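See below for the structure under consideration.
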Amino acid sequence: TTELSNQIRGLMKTFGLLVPAGKGSTFEKNVRSLLVDQDGLAPIVLPMLEAWRSMRIRATELGRQLVAAARQNQACQLLMSIPGVGTITATSFVTAIEDPNNFKKSRSVGAWLGLTTRRYQSGEVDYDGHISRRGDRHLRGLLYEAATVILTRSSADSALRTWGLKLRERIGFKRAAVAVARKLAVTMHAMLKAGEFFDRTAGATFGPRAR
């Protein structure tokens with residue numbers, strides 16, 4: 001939908017019609033308004049606009065189905081107890097991991113997703129190094145987005161967020177976000193393997209009954 005809306009904007013700009021900033025219904029309203037009396041251009045743009053609108057409707061329907069499925073899935077509910085982890089990230093992680101027992105150690109998940117960096121001889125993680133970027137690119141991006149939310153927009157305090165904020169002060173936002181994403185992947189796998197909810201206080205996990 002983003003690519004299609006950009007194509008519409010670009011096409012109309014070619015004819016001197018600048019679509020004002022706006023998304024969703026605002027974008028559609030602005031485009032239709034500019035196409036009034038554009039007998040030559042309207043037959044070209046309107047079918048594109050209708051395709052854009054149909055894609056948005058379908059995406060909304062799929063989104064509702066995804067939310068409904070996640071609410072019925074215990075594994076997704078566990079992961080969504082983490083501030084910053086929503087339906088898409090939780091579902092994508094559960095789908096990618098399949099069986100938590102596929103990984104003997106939770107730390108292996110970070111490497112599997114390409115989020116592992118070099119290490120100093122002292123054992124401290126060298127966050128100045130580059131991550132391998134191997135594995136599931138889509139899931140890696142979702143974890144990075146979740147880490148960004150934890151570091152910027154989340155109002156829920158947790159040991160993970162505190163650790164990430166301190167790291168941000170020392171090495172910068174981007175590298176800290178990658179480090180939080182890696183730690184998030186490790187934590188999420190441990191939660192699935194133990195069947196336990198996120199513990200904001202300790203940054204670990206605790207049983208469902210104690211939530």
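Going by the structure tokens order, chains are called A, B, ..., each with residues numbered from 1, while ligands are numbered from 1 in the order shown.
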| message | Using DSSP secondary structure from the backbone, list all alpha helix (DSSP H) positions within stretch 5-192 of chain A, as number ranges by chain. | response | A: 5-14, 25-34, 42-71, 74-79, 87-97, 107-112, 137-152, 159-171, 173-192
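Residues with any atom within 12 Å of A:Ala156, counting only C-alpha atoms and excluding same-chain neighbours fewer than 4 positions away, are Ser81, Ile82, Pro83, Gly84, Val149, Ile150, Leu151, Thr152, Leu160, Arg161, Thr162, Asp199, Arg200 and Thr201 of chain A.
Taking only C-alpha atoms into account, A:Lys23 lies nearest to A:Asn6 out of the set A:Ser158, A:Gln77, A:Thr91, A:Asn6.
Counting only C-alpha atoms and comparing A:Ala75, A:Leu17, A:Ile171, A:Val31, the residue that lies closest to A:Thr95 is A:Ala75.
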Got a sec: who's within 12 Å of A:Gly86, counting only C-alpha atoms, leaving out chain neighbours fewer than 4 positions off, as a tab-separated table (two decimals) with C-alpha atoms, in the first residue's frame?
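Writing the result to out31.tsv gives the following:
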chain	number	residue	atom	x	y	z
A	63	GLY	CA	-4.88	-8.00	11.06
A	66	LEU	CA	-4.08	-12.32	13.48
A	67	VAL	CA	-5.13	-10.64	16.73
A	70	ALA	CA	-2.87	-14.60	19.01
A	71	ARG	CA	-5.46	-14.27	21.78
A	76	CYS	CA	1.82	-15.54	21.90
A	77	GLN	CA	0.17	-14.44	25.13
A	78	LEU	CA	3.38	-15.17	27.02
A	79	LEU	CA	5.48	-13.08	24.64
A	80	MET	CA	2.97	-10.22	24.53
A	81	SER	CA	3.47	-9.76	28.28
A	82	ILE	CA	6.74	-8.03	27.30
A	90	ALA	CA	4.91	-12.41	19.00
A	91	THR	CA	3.26	-14.41	16.21
A	92	SER	CA	6.30	-14.10	13.94
A	93	PHE	CA	8.65	-15.24	16.70
A	142	LEU	CA	10.53	-6.73	14.19
A	143	LEU	CA	12.74	-7.36	17.22
A	145	GLU	CA	11.39	-2.25	16.29
A	146	ALA	CA	10.31	-3.77	19.62
A	147	ALA	CA	13.66	-2.77	21.11
A	149	VAL	CA	9.76	0.93	21.52
A	150	ILE	CA	11.27	-0.31	24.78
| said: Give me, as a PyMOL selection string, all polymer residues having an atom no more than 12 Å from A:Ile57, counting only C-alpha atoms and skipping those fewer than 5 positions away in the same chain. | reply: chain A and resi 1+24-25+50-52+62-64
File dump, residues just selected, N, CA and C atoms, as a compact mmCIF listing (two decimals), in the first residue's frame:
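Output (result_7.txt):
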# COMPACT_ATOMS: atom_id res chain seq x y z
N THR A 1 0.83 -1.21 0.00
CA THR A 1 0.00 0.00 0.00
C THR A 1 0.87 1.26 0.00
N GLY A 24 -4.13 7.04 5.01
CA GLY A 24 -5.45 6.43 5.13
C GLY A 24 -6.53 7.17 4.37
N SER A 25 -7.65 7.38 5.05
CA SER A 25 -8.80 8.04 4.42
C SER A 25 -8.47 9.47 4.01
N GLU A 50 -8.31 2.61 -6.18
CA GLU A 50 -9.23 1.55 -5.76
C GLU A 50 -8.45 0.30 -5.33
N ALA A 51 -7.38 0.00 -6.06
CA ALA A 51 -6.53 -1.14 -5.69
C ALA A 51 -5.88 -0.90 -4.33
N TRP A 52 -5.42 0.32 -4.11
CA TRP A 52 -4.82 0.72 -2.83
C TRP A 52 -5.84 0.55 -1.69
N LEU A 62 -7.02 -9.16 7.70
CA LEU A 62 -5.98 -10.10 8.11
C LEU A 62 -5.44 -9.74 9.50
N GLY A 63 -5.35 -8.44 9.76
CA GLY A 63 -4.88 -8.00 11.06
C GLY A 63 -5.81 -8.45 12.18
N ARG A 64 -7.11 -8.37 11.92
CA ARG A 64 -8.09 -8.80 12.91
C ARG A 64 -8.00 -10.31 13.14
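By only C-alpha atoms, and with residues fewer than 2 positions from A:Met12 along its chain excluded, the set lying at most 12 Å from it is Ser5, Asn6, Gln7, Ile8, Arg9, Gly10, Thr14, Phe15, Gly16, Leu17, Leu18, Val19, Pro20, Asn30, Val31, Arg32, Leu34, Leu35, Gln38, Gly40, Leu41, Ala42, Ile44, Val45, Leu46, Met48 and Leu49 of chain A.
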Kindly export the residues of the current selection with N, CA and C atoms, as a JSON list (two decimals), in the first residue's frame.
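And here is the file that came out, selection32.json:
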[["chain", "number", "residue", "atom", "x", "y", "z"],
["A", 5, "SER", "N", 0.73, 4.01, -2.94],
["A", 5, "SER", "CA", 0.40, 5.40, -2.65],
["A", 5, "SER", "C", 1.52, 6.32, -3.15],
["A", 6, "ASN", "N", 2.76, 5.86, -3.07],
["A", 6, "ASN", "CA", 3.88, 6.66, -3.58],
["A", 6, "ASN", "C", 3.81, 6.79, -5.10],
["A", 7, "GLN", "N", 3.39, 5.71, -5.77],
["A", 7, "GLN", "CA", 3.23, 5.76, -7.22],
["A", 7, "GLN", "C", 2.15, 6.76, -7.61],
["A", 8, "ILE", "N", 1.07, 6.76, -6.85],
["A", 8, "ILE", "CA", -0.03, 7.70, -7.13],
["A", 8, "ILE", "C", 0.45, 9.13, -6.94],
["A", 9, "ARG", "N", 1.15, 9.37, -5.84],
["A", 9, "ARG", "CA", 1.69, 10.71, -5.59],
["A", 9, "ARG", "C", 2.63, 11.15, -6.71],
["A", 10, "GLY", "N", 3.52, 10.23, -7.12],
["A", 10, "GLY", "CA", 4.49, 10.56, -8.15],
["A", 10, "GLY", "C", 3.84, 10.83, -9.49],
["A", 14, "THR", "N", 3.65, 14.58, -11.54],
["A", 14, "THR", "CA", 4.08, 14.77, -12.92],
["A", 14, "THR", "C", 3.14, 15.72, -13.66],
["A", 15, "PHE", "N", 1.87, 15.70, -13.27],
["A", 15, "PHE", "CA", 0.87, 16.57, -13.90],
["A", 15, "PHE", "C", 0.62, 17.83, -13.07],
["A", 16, "GLY", "N", 1.51, 18.11, -12.16],
["A", 16, "GLY", "CA", 1.41, 19.34, -11.37],
["A", 16, "GLY", "C", 0.42, 19.29, -10.23],
["A", 17, "LEU", "N", 0.00, 18.09, -9.85],
["A", 17, "LEU", "CA", -0.96, 17.93, -8.76],
["A", 17, "LEU", "C", -0.24, 17.35, -7.53],
["A", 18, "LEU", "N", -0.06, 18.16, -6.52],
["A", 18, "LEU", "CA", 0.65, 17.74, -5.31],
["A", 18, "LEU", "C", -0.35, 17.27, -4.26],
["A", 19, "VAL", "N", -0.26, 16.01, -3.89],
["A", 19, "VAL", "CA", -1.16, 15.44, -2.89],
["A", 19, "VAL", "C", -0.66, 15.85, -1.50],
["A", 20, "PRO", "N", -1.48, 16.56, -0.71],
["A", 20, "PRO", "CA", -1.07, 16.99, 0.63],
["A", 20, "PRO", "C", -0.71, 15.79, 1.52],
["A", 30, "ASN", "N", -7.86, 13.39, -0.35],
["A", 30, "ASN", "CA", -7.04, 14.40, -1.04],
["A", 30, "ASN", "C", -6.86, 14.06, -2.51],
["A", 31, "VAL", "N", -6.65, 12.79, -2.80],
["A", 31, "VAL", "CA", -6.45, 12.37, -4.19],
["A", 31, "VAL", "C", -7.73, 12.59, -5.00],
["A", 32, "ARG", "N", -8.86, 12.16, -4.46],
["A", 32, "ARG", "CA", -10.13, 12.32, -5.18],
["A", 32, "ARG", "C", -10.46, 13.79, -5.40],
["A", 34, "LEU", "N", -8.32, 16.24, -5.81],
["A", 34, "LEU", "CA", -7.46, 16.78, -6.86],
["A", 34, "LEU", "C", -7.84, 16.27, -8.25],
["A", 35, "LEU", "N", -8.54, 15.12, -8.30],
["A", 35, "LEU", "CA", -8.89, 14.53, -9.59],
["A", 35, "LEU", "C", -10.19, 15.08, -10.18],
["A", 38, "GLN", "N", -10.30, 16.38, -13.75],
["A", 38, "GLN", "CA", -9.12, 15.84, -14.43],
["A", 38, "GLN", "C", -9.54, 14.63, -15.28],
["A", 40, "GLY", "N", -8.61, 13.45, -18.08],
["A", 40, "GLY", "CA", -7.59, 12.63, -18.71],
["A", 40, "GLY", "C", -6.83, 11.78, -17.70],
["A", 41, "LEU", "N", -6.61, 12.31, -16.51],
["A", 41, "LEU", "CA", -5.81, 11.63, -15.51],
["A", 41, "LEU", "C", -6.63, 10.70, -14.61],
["A", 42, "ALA", "N", -7.86, 11.08, -14.34],
["A", 42, "ALA", "CA", -8.70, 10.31, -13.41],
["A", 42, "ALA", "C", -8.86, 8.84, -13.80],
["A", 44, "ILE", "N", -6.84, 6.93, -15.07],
["A", 44, "ILE", "CA", -5.59, 6.22, -14.80],
["A", 44, "ILE", "C", -5.37, 6.05, -13.30],
["A", 45, "VAL", "N", -5.61, 7.11, -12.56],
["A", 45, "VAL", "CA", -5.30, 7.11, -11.12],
["A", 45, "VAL", "C", -6.37, 6.42, -10.29],
["A", 46, "LEU", "N", -7.63, 6.59, -10.65],
["A", 46, "LEU", "CA", -8.71, 6.02, -9.84],
["A", 46, "LEU", "C", -8.64, 4.50, -9.69],
["A", 48, "MET", "N", -5.94, 2.76, -9.66],
["A", 48, "MET", "CA", -4.83, 2.55, -8.73],
["A", 48, "MET", "C", -5.27, 2.85, -7.30],
["A", 49, "LEU", "N", -6.08, 3.89, -7.16],
["A", 49, "LEU", "CA", -6.57, 4.26, -5.84],
["A", 49, "LEU", "C", -7.50, 3.18, -5.30]]
